[in-house]
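Here is the file final.cif (mmCIF, C-alpha atoms, pLDDT in the B column; chains and numbers go by the auth columns).
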```cif
data_structure
#
loop_
_atom_site.group_PDB
_atom_site.id
_atom_site.type_symbol
_atom_site.label_atom_id
_atom_site.label_comp_id
_atom_site.label_asym_id
_atom_site.label_seq_id
_atom_site.Cartn_x
_atom_site.Cartn_y
_atom_site.Cartn_z
_atom_site.B_iso_or_equiv
_atom_site.auth_seq_id
_atom_site.auth_asym_id
ATOM 1 C CA MET A 1 -95.638 -149.042 16.691 42.00 1 A
ATOM 2 C CA PRO A 2 -96.383 -147.715 13.205 46.00 2 A
ATOM 3 C CA ASP A 3 -98.082 -149.914 10.664 49.00 3 A
ATOM 4 C CA SER A 4 -95.489 -151.633 8.441 50.00 4 A
ATOM 5 C CA ALA A 5 -96.915 -149.792 5.423 57.00 5 A
ATOM 6 C CA ASP A 6 -95.932 -146.498 7.114 67.00 6 A
ATOM 7 C CA ARG A 7 -92.366 -147.586 7.899 69.00 7 A
ATOM 8 C CA PRO A 8 -89.407 -146.836 5.648 80.00 8 A
ATOM 9 C CA THR A 9 -87.977 -149.810 3.814 88.00 9 A
ATOM 10 C CA PRO A 10 -84.954 -151.365 5.489 96.00 10 A
ATOM 11 C CA VAL A 11 -83.202 -151.740 2.120 96.00 11 A
ATOM 12 C CA ALA A 12 -81.340 -148.498 1.415 95.00 12 A
ATOM 13 C CA ASP A 13 -79.310 -149.627 -1.615 97.00 13 A
ATOM 14 C CA GLN A 14 -78.064 -152.607 -3.615 97.00 14 A
ATOM 15 C CA TYR A 15 -75.015 -152.852 -5.857 97.00 15 A
ATOM 16 C CA ALA A 16 -72.313 -155.146 -7.207 96.00 16 A
ATOM 17 C CA SER A 17 -68.810 -154.907 -5.785 95.00 17 A
ATOM 18 C CA GLY A 18 -66.244 -157.273 -7.211 86.00 18 A
ATOM 19 C CA GLY A 19 -67.776 -160.718 -7.086 91.00 19 A
ATOM 20 C CA SER A 20 -70.238 -159.766 -4.339 95.00 20 A
ATOM 21 C CA TRP A 21 -73.751 -158.368 -4.264 97.00 21 A
ATOM 22 C CA VAL A 22 -74.085 -155.766 -1.508 98.00 22 A
ATOM 23 C CA VAL A 23 -77.362 -154.927 0.199 98.00 23 A
ATOM 24 C CA VAL A 24 -77.224 -151.840 2.414 98.00 24 A
ATOM 25 C CA VAL A 25 -79.659 -152.191 5.293 98.00 25 A
ATOM 26 C CA GLN A 26 -80.926 -149.412 7.577 97.00 26 A
ATOM 27 C CA GLY A 27 -83.161 -148.687 10.517 96.00 27 A
ATOM 28 C CA GLU A 28 -84.941 -151.012 12.914 96.00 28 A
ATOM 29 C CA LEU A 29 -85.282 -154.638 11.864 96.00 29 A
ATOM 30 C CA ASP A 30 -88.169 -156.503 13.416 95.00 30 A
ATOM 31 C CA LEU A 31 -91.048 -158.693 12.343 94.00 31 A
ATOM 32 C CA GLY A 32 -92.973 -155.705 10.975 93.00 32 A
ATOM 33 C CA SER A 33 -90.154 -154.202 8.911 95.00 33 A
ATOM 34 C CA LEU A 34 -88.541 -157.374 7.535 95.00 34 A
ATOM 35 C CA PRO A 35 -90.721 -158.417 4.563 96.00 35 A
ATOM 36 C CA PRO A 36 -88.968 -156.129 2.021 96.00 36 A
ATOM 37 C CA LEU A 37 -85.533 -157.168 3.282 97.00 37 A
ATOM 38 C CA ARG A 38 -86.480 -160.841 3.320 97.00 38 A
ATOM 39 C CA GLN A 39 -87.597 -160.601 -0.325 97.00 39 A
ATOM 40 C CA VAL A 40 -84.393 -158.850 -1.414 97.00 40 A
ATOM 41 C CA VAL A 41 -82.229 -161.360 0.462 97.00 41 A
ATOM 42 C CA GLU A 42 -84.094 -164.363 -0.982 97.00 42 A
ATOM 43 C CA THR A 43 -83.831 -163.014 -4.527 97.00 43 A
ATOM 44 C CA ALA A 44 -80.162 -162.054 -4.182 97.00 44 A
ATOM 45 C CA SER A 45 -79.271 -165.390 -2.542 96.00 45 A
ATOM 46 C CA ALA A 46 -80.738 -167.276 -5.482 95.00 46 A
ATOM 47 C CA VAL A 47 -78.709 -165.289 -8.023 95.00 47 A
ATOM 48 C CA HIS A 48 -75.426 -164.238 -6.398 95.00 48 A
ATOM 49 C CA PRO A 49 -72.800 -166.603 -4.969 95.00 49 A
ATOM 50 C CA VAL A 50 -71.681 -163.986 -2.409 96.00 50 A
ATOM 51 C CA LEU A 51 -74.110 -161.714 -0.587 98.00 51 A
ATOM 52 C CA VAL A 52 -72.821 -158.939 1.670 98.00 52 A
ATOM 53 C CA LEU A 53 -75.291 -157.351 4.073 98.00 53 A
ATOM 54 C CA ASP A 54 -74.022 -153.949 5.160 98.00 54 A
ATOM 55 C CA LEU A 55 -75.605 -153.533 8.605 98.00 55 A
ATOM 56 C CA GLY A 56 -73.770 -150.332 9.503 97.00 56 A
ATOM 57 C CA ASP A 57 -76.976 -148.286 9.624 97.00 57 A
ATOM 58 C CA VAL A 58 -79.105 -150.828 11.491 97.00 58 A
ATOM 59 C CA THR A 59 -80.172 -149.448 14.864 96.00 59 A
ATOM 60 C CA PHE A 60 -82.091 -152.491 16.146 96.00 60 A
ATOM 61 C CA ALA A 61 -82.417 -156.153 15.183 96.00 61 A
ATOM 62 C CA ASP A 62 -84.461 -158.901 16.811 96.00 62 A
ATOM 63 C CA SER A 63 -84.714 -162.670 16.486 95.00 63 A
ATOM 64 C CA SER A 64 -86.742 -162.428 13.271 96.00 64 A
ATOM 65 C CA THR A 65 -83.731 -160.682 11.730 97.00 65 A
ATOM 66 C CA LEU A 66 -81.519 -163.510 12.898 96.00 66 A
ATOM 67 C CA ASN A 67 -83.819 -165.948 11.088 96.00 67 A
ATOM 68 C CA VAL A 68 -83.405 -164.019 7.811 97.00 68 A
ATOM 69 C CA LEU A 69 -79.621 -164.084 8.217 97.00 69 A
ATOM 70 C CA LEU A 70 -79.461 -167.808 8.922 97.00 70 A
ATOM 71 C CA VAL A 71 -81.732 -168.675 5.989 96.00 71 A
ATOM 72 C CA ALA A 72 -79.519 -166.587 3.702 97.00 72 A
ATOM 73 C CA HIS A 73 -76.418 -168.258 5.151 97.00 73 A
ATOM 74 C CA ARG A 74 -77.784 -171.629 4.034 96.00 74 A
ATOM 75 C CA ALA A 75 -78.650 -170.341 0.553 95.00 75 A
ATOM 76 C CA THR A 76 -75.448 -168.487 -0.390 96.00 76 A
ATOM 77 C CA THR A 77 -72.130 -167.270 0.959 96.00 77 A
ATOM 78 C CA LEU A 78 -73.362 -164.595 3.350 97.00 78 A
ATOM 79 C CA ARG A 79 -71.040 -161.967 4.755 98.00 79 A
ATOM 80 C CA ILE A 80 -72.174 -159.541 7.437 98.00 80 A
ATOM 81 C CA ALA A 81 -70.457 -156.140 7.241 98.00 81 A
ATOM 82 C CA ALA A 82 -70.099 -153.351 9.794 98.00 82 A
ATOM 83 C CA PRO A 83 -72.637 -154.513 12.373 98.00 83 A
ATOM 84 C CA GLN A 84 -73.388 -151.971 15.075 96.00 84 A
ATOM 85 C CA PRO A 85 -72.764 -153.070 18.696 97.00 85 A
ATOM 86 C CA GLN A 86 -76.416 -153.944 19.343 95.00 86 A
ATOM 87 C CA VAL A 87 -76.554 -156.173 16.256 96.00 87 A
ATOM 88 C CA LEU A 88 -73.210 -157.749 17.075 96.00 88 A
ATOM 89 C CA ARG A 89 -74.512 -158.454 20.586 96.00 89 A
ATOM 90 C CA LEU A 90 -77.524 -160.310 19.136 96.00 90 A
ATOM 91 C CA LEU A 91 -75.167 -162.426 17.029 97.00 91 A
ATOM 92 C CA GLU A 92 -72.898 -163.140 20.007 97.00 92 A
ATOM 93 C CA VAL A 93 -75.669 -163.999 22.491 96.00 93 A
ATOM 94 C CA THR A 94 -77.258 -166.451 20.075 96.00 94 A
ATOM 95 C CA GLY A 95 -73.962 -167.978 18.931 97.00 95 A
ATOM 96 C CA ALA A 96 -74.605 -166.892 15.355 97.00 96 A
ATOM 97 C CA ASP A 97 -71.259 -165.059 15.382 97.00 97 A
ATOM 98 C CA ARG A 98 -69.601 -168.493 15.317 97.00 98 A
ATOM 99 C CA VAL A 99 -71.534 -169.466 12.177 96.00 99 A
ATOM 100 C CA LEU A 100 -71.806 -166.259 10.162 97.00 100 A
ATOM 101 C CA ARG A 101 -68.887 -164.471 8.520 97.00 101 A
ATOM 102 C CA ILE A 102 -68.627 -161.014 10.099 97.00 102 A
ATOM 103 C CA TYR A 103 -66.382 -158.217 8.807 97.00 103 A
ATOM 104 C CA PRO A 104 -65.699 -154.733 10.196 97.00 104 A
ATOM 105 C CA THR A 105 -66.294 -153.028 6.828 97.00 105 A
ATOM 106 C CA THR A 106 -68.152 -153.645 3.593 97.00 106 A
ATOM 107 C CA ARG A 107 -64.915 -153.271 1.638 97.00 107 A
ATOM 108 C CA LEU A 108 -63.246 -156.087 3.598 96.00 108 A
ATOM 109 C CA ALA A 109 -66.313 -158.293 3.203 97.00 109 A
ATOM 110 C CA CYS A 110 -66.275 -157.779 -0.569 95.00 110 A
ATOM 111 C CA GLU A 111 -62.523 -158.381 -0.821 93.00 111 A
ATOM 112 C CA ALA A 112 -62.531 -161.520 1.321 90.00 112 A
ATOM 113 C CA GLY A 113 -61.746 -163.944 -1.473 75.00 113 A
ATOM 114 C CA ALA A 114 -63.491 -166.958 -2.887 68.00 114 A
ATOM 115 C CA PRO A 115 -66.617 -168.096 -1.041 69.00 115 A
ATOM 116 C CA ASP A 116 -65.045 -171.331 0.152 56.00 116 A
ATOM 117 C CA THR A 117 -61.765 -169.790 1.342 53.00 117 A
ATOM 118 C CA ASP A 118 -62.698 -166.508 2.995 55.00 118 A
ATOM 119 C CA THR A 119 -61.755 -165.985 6.609 53.00 119 A
ATOM 120 C CA PRO A 120 -63.900 -163.603 8.624 54.00 120 A
ATOM 121 C CA THR A 121 -62.334 -160.654 10.385 53.00 121 A
ATOM 122 C CA ARG A 122 -64.221 -159.774 13.554 52.00 122 A
ATOM 123 C CA PRO A 123 -65.016 -156.090 14.153 53.00 123 A
#
```

Please express the file's structure as structure tokens.
Amino acid sequence: MPDSADRPTPVADQYASGGSWVVVVQGELDLGSLPPLRQVVETASAVHPVLVLDLGDVTFADSSTLNVLLVAHRATTLRIAAPQPQVLRLLEVTGADRVLRIYPTTRLACEAGAPDTDTPTRP
């Protein structure tokens, strides 16, 4: 496994969309790659009422990723967008899919309405 300093950052992009802040995430998410993502998520959660994590380009996620998601869920309105099957499986096996708001696309996650009234649409 490469040293975390040699690994690409998992945060590919960040931008505002409507009333949401979108963080585009990529690559393999594990204990070694998560510090930059954790920092971005913590900062965004403190500032933005709705945080959308676009996980469409995530190829692997482990339990440390799940921890980041659940912490963000407690701090802000978190919406998970476009999770790949392996990420969706992690959410289903752990039961996190019953807690987190999951949407098939980033657009739908951003258009979901007010934080207290949005209804998730499963992929």

| said: Which polymer residues, whether protein, DNA or RNA, lie within 10 Å of the coordinate (-78.7, -160.2, 0.4) when you count only C-alpha atoms? List them as a PyMOL selection string, using the chain letters and numbers from the file. | reply: chain A and resi 11+14+20-25+37-48+50-54+68-69+72-73+76-80

Would you output that residue set with C-alpha atoms, as a PDB file, keeping the file's coordinate frame?
```
ATOM      1  CA  VAL A  11     -83.202-151.740   2.120  1.00 96.00           C
ATOM      2  CA  GLN A  14     -78.064-152.607  -3.615  1.00 97.00           C
ATOM      3  CA  SER A  20     -70.238-159.766  -4.339  1.00 95.00           C
ATOM      4  CA  TRP A  21     -73.751-158.368  -4.264  1.00 97.00           C
ATOM      5  CA  VAL A  22     -74.085-155.766  -1.508  1.00 98.00           C
ATOM      6  CA  VAL A  23     -77.362-154.927   0.199  1.00 98.00           C
ATOM      7  CA  VAL A  24     -77.224-151.840   2.414  1.00 98.00           C
ATOM      8  CA  VAL A  25     -79.659-152.191   5.293  1.00 98.00           C
ATOM      9  CA  LEU A  37     -85.533-157.168   3.282  1.00 97.00           C
ATOM     10  CA  ARG A  38     -86.480-160.841   3.320  1.00 97.00           C
ATOM     11  CA  GLN A  39     -87.597-160.601  -0.325  1.00 97.00           C
ATOM     12  CA  VAL A  40     -84.393-158.850  -1.414  1.00 97.00           C
ATOM     13  CA  VAL A  41     -82.229-161.360   0.462  1.00 97.00           C
ATOM     14  CA  GLU A  42     -84.094-164.363  -0.982  1.00 97.00           C
ATOM     15  CA  THR A  43     -83.831-163.014  -4.527  1.00 97.00           C
ATOM     16  CA  ALA A  44     -80.162-162.054  -4.182  1.00 97.00           C
ATOM     17  CA  SER A  45     -79.271-165.390  -2.542  1.00 96.00           C
ATOM     18  CA  ALA A  46     -80.738-167.276  -5.482  1.00 95.00           C
ATOM     19  CA  VAL A  47     -78.709-165.289  -8.023  1.00 95.00           C
ATOM     20  CA  HIS A  48     -75.426-164.238  -6.398  1.00 95.00           C
ATOM     21  CA  VAL A  50     -71.681-163.986  -2.409  1.00 96.00           C
ATOM     22  CA  LEU A  51     -74.110-161.714  -0.587  1.00 98.00           C
ATOM     23  CA  VAL A  52     -72.821-158.939   1.670  1.00 98.00           C
ATOM     24  CA  LEU A  53     -75.291-157.351   4.073  1.00 98.00           C
ATOM     25  CA  ASP A  54     -74.022-153.949   5.160  1.00 98.00           C
ATOM     26  CA  VAL A  68     -83.405-164.019   7.811  1.00 97.00           C
ATOM     27  CA  LEU A  69     -79.621-164.084   8.217  1.00 97.00           C
ATOM     28  CA  ALA A  72     -79.519-166.587   3.702  1.00 97.00           C
ATOM     29  CA  HIS A  73     -76.418-168.258   5.151  1.00 97.00           C
ATOM     30  CA  THR A  76     -75.448-168.487  -0.390  1.00 96.00           C
ATOM     31  CA  THR A  77     -72.130-167.270   0.959  1.00 96.00           C
ATOM     32  CA  LEU A  78     -73.362-164.595   3.350  1.00 97.00           C
ATOM     33  CA  ARG A  79     -71.040-161.967   4.755  1.00 98.00           C
ATOM     34  CA  ILE A  80     -72.174-159.541   7.437  1.00 98.00           C
TER      35      ILE A  80
END
```

| query | At what distance in Å, to one decimal, does atom CA of A:Gly19 lie from atom CA of A:Pro49? | reply | 8.0 Å

| Closest of A:Leu29, A:Tyr103, A:Pro83, A:Arg89 to A:Asn67 - atom-to-atom distances counting only C-alpha atoms |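 Of the candidates, the smallest distance to A:Asn67 is held by A:Leu29.
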
| field | Residues returned when the PyMOL selection byres ((chain A and resi 88) around 12) runs on this file, as a ChimeraX atom specification | value | /A:55-56,58-62,66,80-87,89-98,100-104,122-123

Output C-alpha atoms for every residue in the selection just made, as a PDB file, in the frame of the given file.
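For reference, out.pdb as written:
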```pdb
ATOM      1  CA  LEU A  55     -75.605-153.533   8.605  1.00 98.00           C
ATOM      2  CA  GLY A  56     -73.770-150.332   9.503  1.00 97.00           C
ATOM      3  CA  VAL A  58     -79.105-150.828  11.491  1.00 97.00           C
ATOM      4  CA  THR A  59     -80.172-149.448  14.864  1.00 96.00           C
ATOM      5  CA  PHE A  60     -82.091-152.491  16.146  1.00 96.00           C
ATOM      6  CA  ALA A  61     -82.417-156.153  15.183  1.00 96.00           C
ATOM      7  CA  ASP A  62     -84.461-158.901  16.811  1.00 96.00           C
ATOM      8  CA  LEU A  66     -81.519-163.510  12.898  1.00 96.00           C
ATOM      9  CA  ILE A  80     -72.174-159.541   7.437  1.00 98.00           C
ATOM     10  CA  ALA A  81     -70.457-156.140   7.241  1.00 98.00           C
ATOM     11  CA  ALA A  82     -70.099-153.351   9.794  1.00 98.00           C
ATOM     12  CA  PRO A  83     -72.637-154.513  12.373  1.00 98.00           C
ATOM     13  CA  GLN A  84     -73.388-151.971  15.075  1.00 96.00           C
ATOM     14  CA  PRO A  85     -72.764-153.070  18.696  1.00 97.00           C
ATOM     15  CA  GLN A  86     -76.416-153.944  19.343  1.00 95.00           C
ATOM     16  CA  VAL A  87     -76.554-156.173  16.256  1.00 96.00           C
ATOM     17  CA  ARG A  89     -74.512-158.454  20.586  1.00 96.00           C
ATOM     18  CA  LEU A  90     -77.524-160.310  19.136  1.00 96.00           C
ATOM     19  CA  LEU A  91     -75.167-162.426  17.029  1.00 97.00           C
ATOM     20  CA  GLU A  92     -72.898-163.140  20.007  1.00 97.00           C
ATOM     21  CA  VAL A  93     -75.669-163.999  22.491  1.00 96.00           C
ATOM     22  CA  THR A  94     -77.258-166.451  20.075  1.00 96.00           C
ATOM     23  CA  GLY A  95     -73.962-167.978  18.931  1.00 97.00           C
ATOM     24  CA  ALA A  96     -74.605-166.892  15.355  1.00 97.00           C
ATOM     25  CA  ASP A  97     -71.259-165.059  15.382  1.00 97.00           C
ATOM     26  CA  ARG A  98     -69.601-168.493  15.317  1.00 97.00           C
ATOM     27  CA  LEU A 100     -71.806-166.259  10.162  1.00 97.00           C
ATOM     28  CA  ARG A 101     -68.887-164.471   8.520  1.00 97.00           C
ATOM     29  CA  ILE A 102     -68.627-161.014  10.099  1.00 97.00           C
ATOM     30  CA  TYR A 103     -66.382-158.217   8.807  1.00 97.00           C
ATOM     31  CA  PRO A 104     -65.699-154.733  10.196  1.00 97.00           C
ATOM     32  CA  ARG A 122     -64.221-159.774  13.554  1.00 52.00           C
ATOM     33  CA  PRO A 123     -65.016-156.090  14.153  1.00 53.00           C
TER      34      PRO A 123
END
```

| field | Residue nearest A:Leu31 - candidates A:Pro10, A:Leu108, A:Gly18, A:Asp57, atoms counted: only C-alpha atoms | value |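 That would be A:Pro10, the residue with the smallest distance to A:Leu31.
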